[in-house]
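The next block holds one structure in the form of structure tokens; read it before the comments.
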Amino acid sequence: MREGIPSITAAAVSLFRGIASLPGSSIDFANDEGMRALMPTPLRAALRITGMLTARDPRLHAVLAAPTLGLLSHVALRTAAIDAAIRGERSRDIPQLVVLGAGLDARAFRMPELGETIVFEVDFPSTQALKRTRAGARVPAAKELRFVPIDFEQDSLDEVLGRAGHRPELRTVWIWEGVTMYLAPEALDATLGVIRDRSARGSTLLVTYATPELTTMLDGPLAPLAPIVDLGFGVLGEPIRARMSEDEARARLAGFALDVVSDTGPRDWARAHLRGRPSRITIGERLAAAVRR
């Protein structure tokens with residue numbers, strides 16, 4: 001990630017999530033005003049108008065999604081799948097949750113399941129300044145929300161988390177959503193090393209990764225559109241640098257004492273969280289849940 005890009009990324013992702021939460025959406029997604037409150041004012045106003053229109057005619061959702069070539073639905077379903085994974089973790093205590101590259105993520109505000117959890121949101125200072133302003137006096141649903149500003153090119157993730165009060169001896173759930181595909185291998189491994197070292201046994205990492213089929217899962221007449229999907233991901237962050245097969249992701253995580261216990265993809269997310277027919281355009285990104293041994 002680059003300075004100046006995260007706020008664009010955050011705005012685009014929050015817009016996609018916001019559209020998915022509007023009346024008439026076919027995606028089982030949180031319909032929460034707190035999430036929309038964190039969005040920049042122009043996007044929030046546009047979303048309010050769009051919500052009035054979709055309430056009258058739910059078919060508008062398909063019209064809004066079409067130009068994104070599957071990205072809108074993909075981002076919303078990915079988020080819903082991670083939400084479900086967090087709820088599944090409630091069978092055990094979650095004293096700490098760390099969101100890496102948090103952007104305008106609203107889980108600390110919209111998930112009552114985090115009522116006993118300290119949430120650490122890690123991101124660029126510019127993105128967090130916007131979020132603090134938008135949040136205002138809004139009270140988090142989490143036990144506590146701690147903003148952890150970081151310059152990813154100069155600061156140590158281990159050190160900034162330590163200064164923020166993260167305790168490696170306590171169990172942590174880590175969310176690393178929509179980030180790894182933009183990282184060089186050395187940056188990816190460096191972050192995994194910090195996660196390993198700051199994770200008590202039984203901690204869980206929820207991480208998404210791009211597969212080699214990212215731009216080849218479009219077939220038939222849609223195949224020529226595949227490069228545009230790559231470009232779309234570039235708009236949401238940076239050019240894609242890292243792709244892994246399921247076996248490669250499992251092996252990489254195992255090398256950092258993180259054992260994969262589940263690995264799901266867009267079709268799985270659609271079956272669990274989508275009402276109606278899934279999109280013909282499937283983005284090659286998966287969600288792995290790995291436990292610290």
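In the structure tokens, chains take letters A, B, ... by order of appearance, with residues numbered from 1 within each chain and ligands from 1 in the order shown.
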
Against segment 191-198 of chain A, which residues of segment 53-110 of chain A fall within 12 Å? For each one I want the closest pair of atoms and the distance in Å (one decimal), counting only C-alpha atoms, rows by chain and increasing residue number, as CSV.
```
residue,atom,partner,partner_atom,distance
A:Gln96,CA,A:Arg198,CA,11.2
A:Leu97,CA,A:Ile195,CA,11.8
A:Val98,CA,A:Ile195,CA,9.8
A:Val99,CA,A:Ile195,CA,11.5
A:Leu100,CA,A:Thr191,CA,9.7
A:Gly101,CA,A:Thr191,CA,11.7
```

Write the residues you've just listed into a file as a PDB file, in the first residue's frame, and include C-alpha atoms for each of them.
```pdb
ATOM      1  CA  GLN A  96      -8.162  -8.870  21.224  1.00  0.00           C
ATOM      2  CA  LEU A  97      -8.945  -8.333  17.549  1.00  0.00           C
ATOM      3  CA  VAL A  98      -6.439  -6.713  15.184  1.00  0.00           C
ATOM      4  CA  VAL A  99      -7.583  -5.374  11.800  1.00  0.00           C
ATOM      5  CA  LEU A 100      -4.623  -4.901   9.458  1.00  0.00           C
ATOM      6  CA  GLY A 101      -5.195  -2.234   6.811  1.00  0.00           C
TER       7      GLY A 101
END
```

Mind listing the helix (DSSP H, G or I) residues of segment 73-274 of chain A, per DSSP on the backbone, as a count of residues only? 93

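Minimum atom-to-atom distances from A:Gln128, A:Ser245, A:Thr68, A:Thr79 to Arg107 of chain A were compared using only C-alpha atoms, and the lowest value belongs to A:Thr79.
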
Which residues, written as a ChimeraX atom specification, have at least one atom at most 9 Å from segment 162-177 of chain A, with only C-alpha atoms counted and residues fewer than 2 positions away on the same chain left out? /A:78-79,82,86,89,93-102,118,120,146-148,157-160,179-180,195,197-209,287

Residues within 10 Å of Arg243 of chain A, only C-alpha atoms, excluding chain neighbours under 4 positions, as a VMD selection string: chain A and resid 180 to 183 185 209 to 214 248 to 249 284 to 285

DSSP strand (DSSP E) residues within segment 139-197 of chain A, listed as an mmCIF file with N, CA, C and O atoms, in the first residue's frame:
```cif
data_model
loop_
_atom_site.group_PDB
_atom_site.id
_atom_site.type_symbol
_atom_site.label_atom_id
_atom_site.label_comp_id
_atom_site.auth_asym_id
_atom_site.auth_seq_id
_atom_site.Cartn_x
_atom_site.Cartn_y
_atom_site.Cartn_z
ATOM 1 N N GLU A 144 -13.521 -1.751 23.468
ATOM 2 C CA GLU A 144 -12.652 -0.593 23.268
ATOM 3 C C GLU A 144 -12.107 -0.628 21.852
ATOM 4 O O GLU A 144 -11.839 -1.701 21.304
ATOM 5 N N LEU A 145 -11.959 0.556 21.261
ATOM 6 C CA LEU A 145 -11.356 0.672 19.930
ATOM 7 C C LEU A 145 -10.096 1.507 20.044
ATOM 8 O O LEU A 145 -10.139 2.642 20.528
ATOM 9 N N ARG A 146 -8.977 0.943 19.598
ATOM 10 C CA ARG A 146 -7.706 1.656 19.621
ATOM 11 C C ARG A 146 -7.205 1.823 18.192
ATOM 12 O O ARG A 146 -7.009 0.838 17.474
ATOM 13 N N PHE A 147 -6.990 3.069 17.784
ATOM 14 C CA PHE A 147 -6.433 3.345 16.474
ATOM 15 C C PHE A 147 -4.914 3.229 16.538
ATOM 16 O O PHE A 147 -4.284 3.783 17.452
ATOM 17 N N VAL A 148 -4.344 2.515 15.582
ATOM 18 C CA VAL A 148 -2.896 2.267 15.566
ATOM 19 C C VAL A 148 -2.343 2.797 14.247
ATOM 20 O O VAL A 148 -2.286 2.081 13.243
ATOM 21 N N PRO A 149 -1.948 4.068 14.202
ATOM 22 C CA PRO A 149 -1.407 4.633 12.954
ATOM 23 C C PRO A 149 -0.033 4.065 12.643
ATOM 24 O O PRO A 149 0.781 3.838 13.549
ATOM 25 N N THR A 172 -5.573 -13.643 20.217
ATOM 26 C CA THR A 172 -5.904 -12.579 19.273
ATOM 27 C C THR A 172 -6.551 -13.172 18.034
ATOM 28 O O THR A 172 -6.143 -14.230 17.550
ATOM 29 N N VAL A 173 -7.574 -12.492 17.528
ATOM 30 C CA VAL A 173 -8.086 -12.780 16.191
ATOM 31 C C VAL A 173 -7.581 -11.669 15.278
ATOM 32 O O VAL A 173 -7.746 -10.482 15.580
ATOM 33 N N TRP A 174 -6.929 -12.052 14.194
ATOM 34 C CA TRP A 174 -6.378 -11.110 13.227
ATOM 35 C C TRP A 174 -7.243 -11.119 11.972
ATOM 36 O O TRP A 174 -7.595 -12.185 11.473
ATOM 37 N N ILE A 175 -7.557 -9.945 11.443
ATOM 38 C CA ILE A 175 -8.244 -9.830 10.155
ATOM 39 C C ILE A 175 -7.294 -9.154 9.177
ATOM 40 O O ILE A 175 -6.815 -8.046 9.420
ATOM 41 N N TRP A 176 -7.027 -9.857 8.082
ATOM 42 C CA TRP A 176 -6.156 -9.336 7.036
ATOM 43 C C TRP A 176 -6.921 -9.490 5.736
ATOM 44 O O TRP A 176 -6.765 -10.461 5.007
#
```

Among the residues A:Thr9, A:Ala65, A:His273, A:Gly18, the one that comes closest to Gly178 of chain A [using only C-alpha atoms]: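 Closest residue, counting only C-alpha atoms: A:Thr9.
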
Which one of A:Arg134, A:Arg275, A:Arg293, A:Arg250 sits closest to Thr41 of chain A if you count only C-alpha atoms?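 With only C-alpha atoms as the atom set, the closest residue is A:Arg134.
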
Residues near Ser25 of chain A, cut-off 9 Å, only C-alpha atoms, skip fewer than 5 positions along chain, as an NGL selection string: :A and (19-20 or 54 or 58-59 or 61 or 275)

Mind dumping the selected residues with all heavy atoms as a CSV table (one decimal), in the first residue's frame?
```csv
chain,number,residue,atom,x,y,z
A,19,ILE,N,-23.6,-0.3,-0.4
A,19,ILE,CA,-24.6,-0.7,-1.4
A,19,ILE,C,-25.2,-2.0,-1.1
A,19,ILE,O,-26.4,-2.2,-1.2
A,19,ILE,CB,-24.0,-0.6,-2.8
A,19,ILE,CG1,-23.7,0.8,-3.2
A,19,ILE,CG2,-25.0,-1.3,-3.8
A,19,ILE,CD1,-22.9,0.9,-4.5
A,20,ALA,N,-24.3,-3.0,-0.6
A,20,ALA,CA,-24.8,-4.3,-0.3
A,20,ALA,C,-25.7,-4.3,0.9
A,20,ALA,O,-26.5,-5.2,1.1
A,20,ALA,CB,-23.6,-5.2,0.0
A,54,THR,N,-33.5,1.9,-4.4
A,54,THR,CA,-33.5,0.4,-4.3
A,54,THR,C,-34.7,-0.1,-3.4
A,54,THR,O,-35.2,-1.2,-3.6
A,54,THR,CB,-32.2,-0.1,-3.7
A,54,THR,OG1,-32.0,0.4,-2.4
A,54,THR,CG2,-31.0,0.2,-4.6
A,58,PRO,N,-35.9,-3.1,-6.1
A,58,PRO,CA,-34.7,-3.9,-5.8
A,58,PRO,C,-33.8,-4.3,-7.0
A,58,PRO,O,-32.6,-4.6,-6.9
A,58,PRO,CB,-35.2,-5.1,-5.1
A,58,PRO,CG,-36.5,-4.7,-4.5
A,58,PRO,CD,-37.1,-3.7,-5.6
A,59,ARG,N,-34.5,-4.3,-8.2
A,59,ARG,CA,-33.7,-4.6,-9.4
A,59,ARG,C,-32.6,-3.7,-9.7
A,59,ARG,O,-31.6,-4.0,-10.4
A,59,ARG,CB,-34.7,-4.7,-10.6
A,59,ARG,CG,-35.7,-5.8,-10.5
A,59,ARG,CD,-36.7,-5.8,-11.7
A,59,ARG,NE,-37.4,-4.5,-11.6
A,59,ARG,CZ,-38.4,-4.2,-12.5
A,59,ARG,NH1,-38.6,-5.0,-13.5
A,59,ARG,NH2,-39.1,-3.1,-12.4
A,61,HIS,N,-30.2,-3.0,-7.8
A,61,HIS,CA,-29.0,-3.5,-7.3
A,61,HIS,C,-28.2,-4.2,-8.5
A,61,HIS,O,-26.9,-4.0,-8.5
A,61,HIS,CB,-29.3,-4.6,-6.2
A,61,HIS,CG,-29.4,-3.9,-4.9
A,61,HIS,ND1,-28.4,-3.5,-4.1
A,61,HIS,CD2,-30.6,-3.7,-4.2
A,61,HIS,CE1,-28.8,-3.0,-3.0
A,61,HIS,NE2,-30.2,-3.1,-3.0
A,275,ARG,N,-28.9,-14.5,-1.5
A,275,ARG,CA,-30.2,-15.0,-1.8
A,275,ARG,C,-30.4,-14.8,-3.3
A,275,ARG,O,-30.4,-13.7,-3.8
A,275,ARG,CB,-31.2,-14.2,-1.0
A,275,ARG,CG,-31.2,-14.3,0.5
A,275,ARG,CD,-32.2,-13.5,1.2
A,275,ARG,NE,-32.0,-12.0,0.9
A,275,ARG,CZ,-31.2,-11.3,1.7
A,275,ARG,NH1,-30.5,-11.8,2.7
A,275,ARG,NH2,-31.1,-10.0,1.4
```

At a cut-off of 10 Å, using only C-alpha atoms, what residues contact Pro112 of chain A? Leave out same-chain residues fewer than 5 positions from it and give the result as a ChimeraX atom specification. /A:87,107,117,140-143

Can you write just those residues out, N, CA and C atoms, as an mmCIF file, in the first residue's frame?
```cif
data_model
loop_
_atom_site.group_PDB
_atom_site.id
_atom_site.type_symbol
_atom_site.label_atom_id
_atom_site.label_comp_id
_atom_site.auth_asym_id
_atom_site.auth_seq_id
_atom_site.Cartn_x
_atom_site.Cartn_y
_atom_site.Cartn_z
ATOM 1 N N ARG A 87 -18.018 -14.449 14.286
ATOM 2 C CA ARG A 87 -19.084 -14.961 15.151
ATOM 3 C C ARG A 87 -18.807 -16.403 15.552
ATOM 4 N N ARG A 107 -16.526 -2.874 11.824
ATOM 5 C CA ARG A 107 -16.887 -3.979 12.712
ATOM 6 C C ARG A 107 -16.887 -3.572 14.184
ATOM 7 N N THR A 117 -14.293 -7.325 23.580
ATOM 8 C CA THR A 117 -13.051 -7.378 22.811
ATOM 9 C C THR A 117 -12.441 -5.992 22.638
ATOM 10 N N PRO A 140 -18.352 2.793 20.174
ATOM 11 C CA PRO A 140 -18.161 1.486 19.531
ATOM 12 C C PRO A 140 -18.992 0.402 20.209
ATOM 13 N N ALA A 141 -19.333 -0.621 19.441
ATOM 14 C CA ALA A 141 -19.958 -1.808 20.023
ATOM 15 C C ALA A 141 -18.918 -2.659 20.734
ATOM 16 N N ALA A 142 -17.670 -2.529 20.309
ATOM 17 C CA ALA A 142 -16.569 -3.253 20.947
ATOM 18 C C ALA A 142 -16.307 -2.692 22.340
ATOM 19 N N LYS A 143 -15.661 -3.482 23.160
ATOM 20 C CA LYS A 143 -15.287 -3.028 24.502
ATOM 21 C C LYS A 143 -14.441 -1.767 24.428
#
```
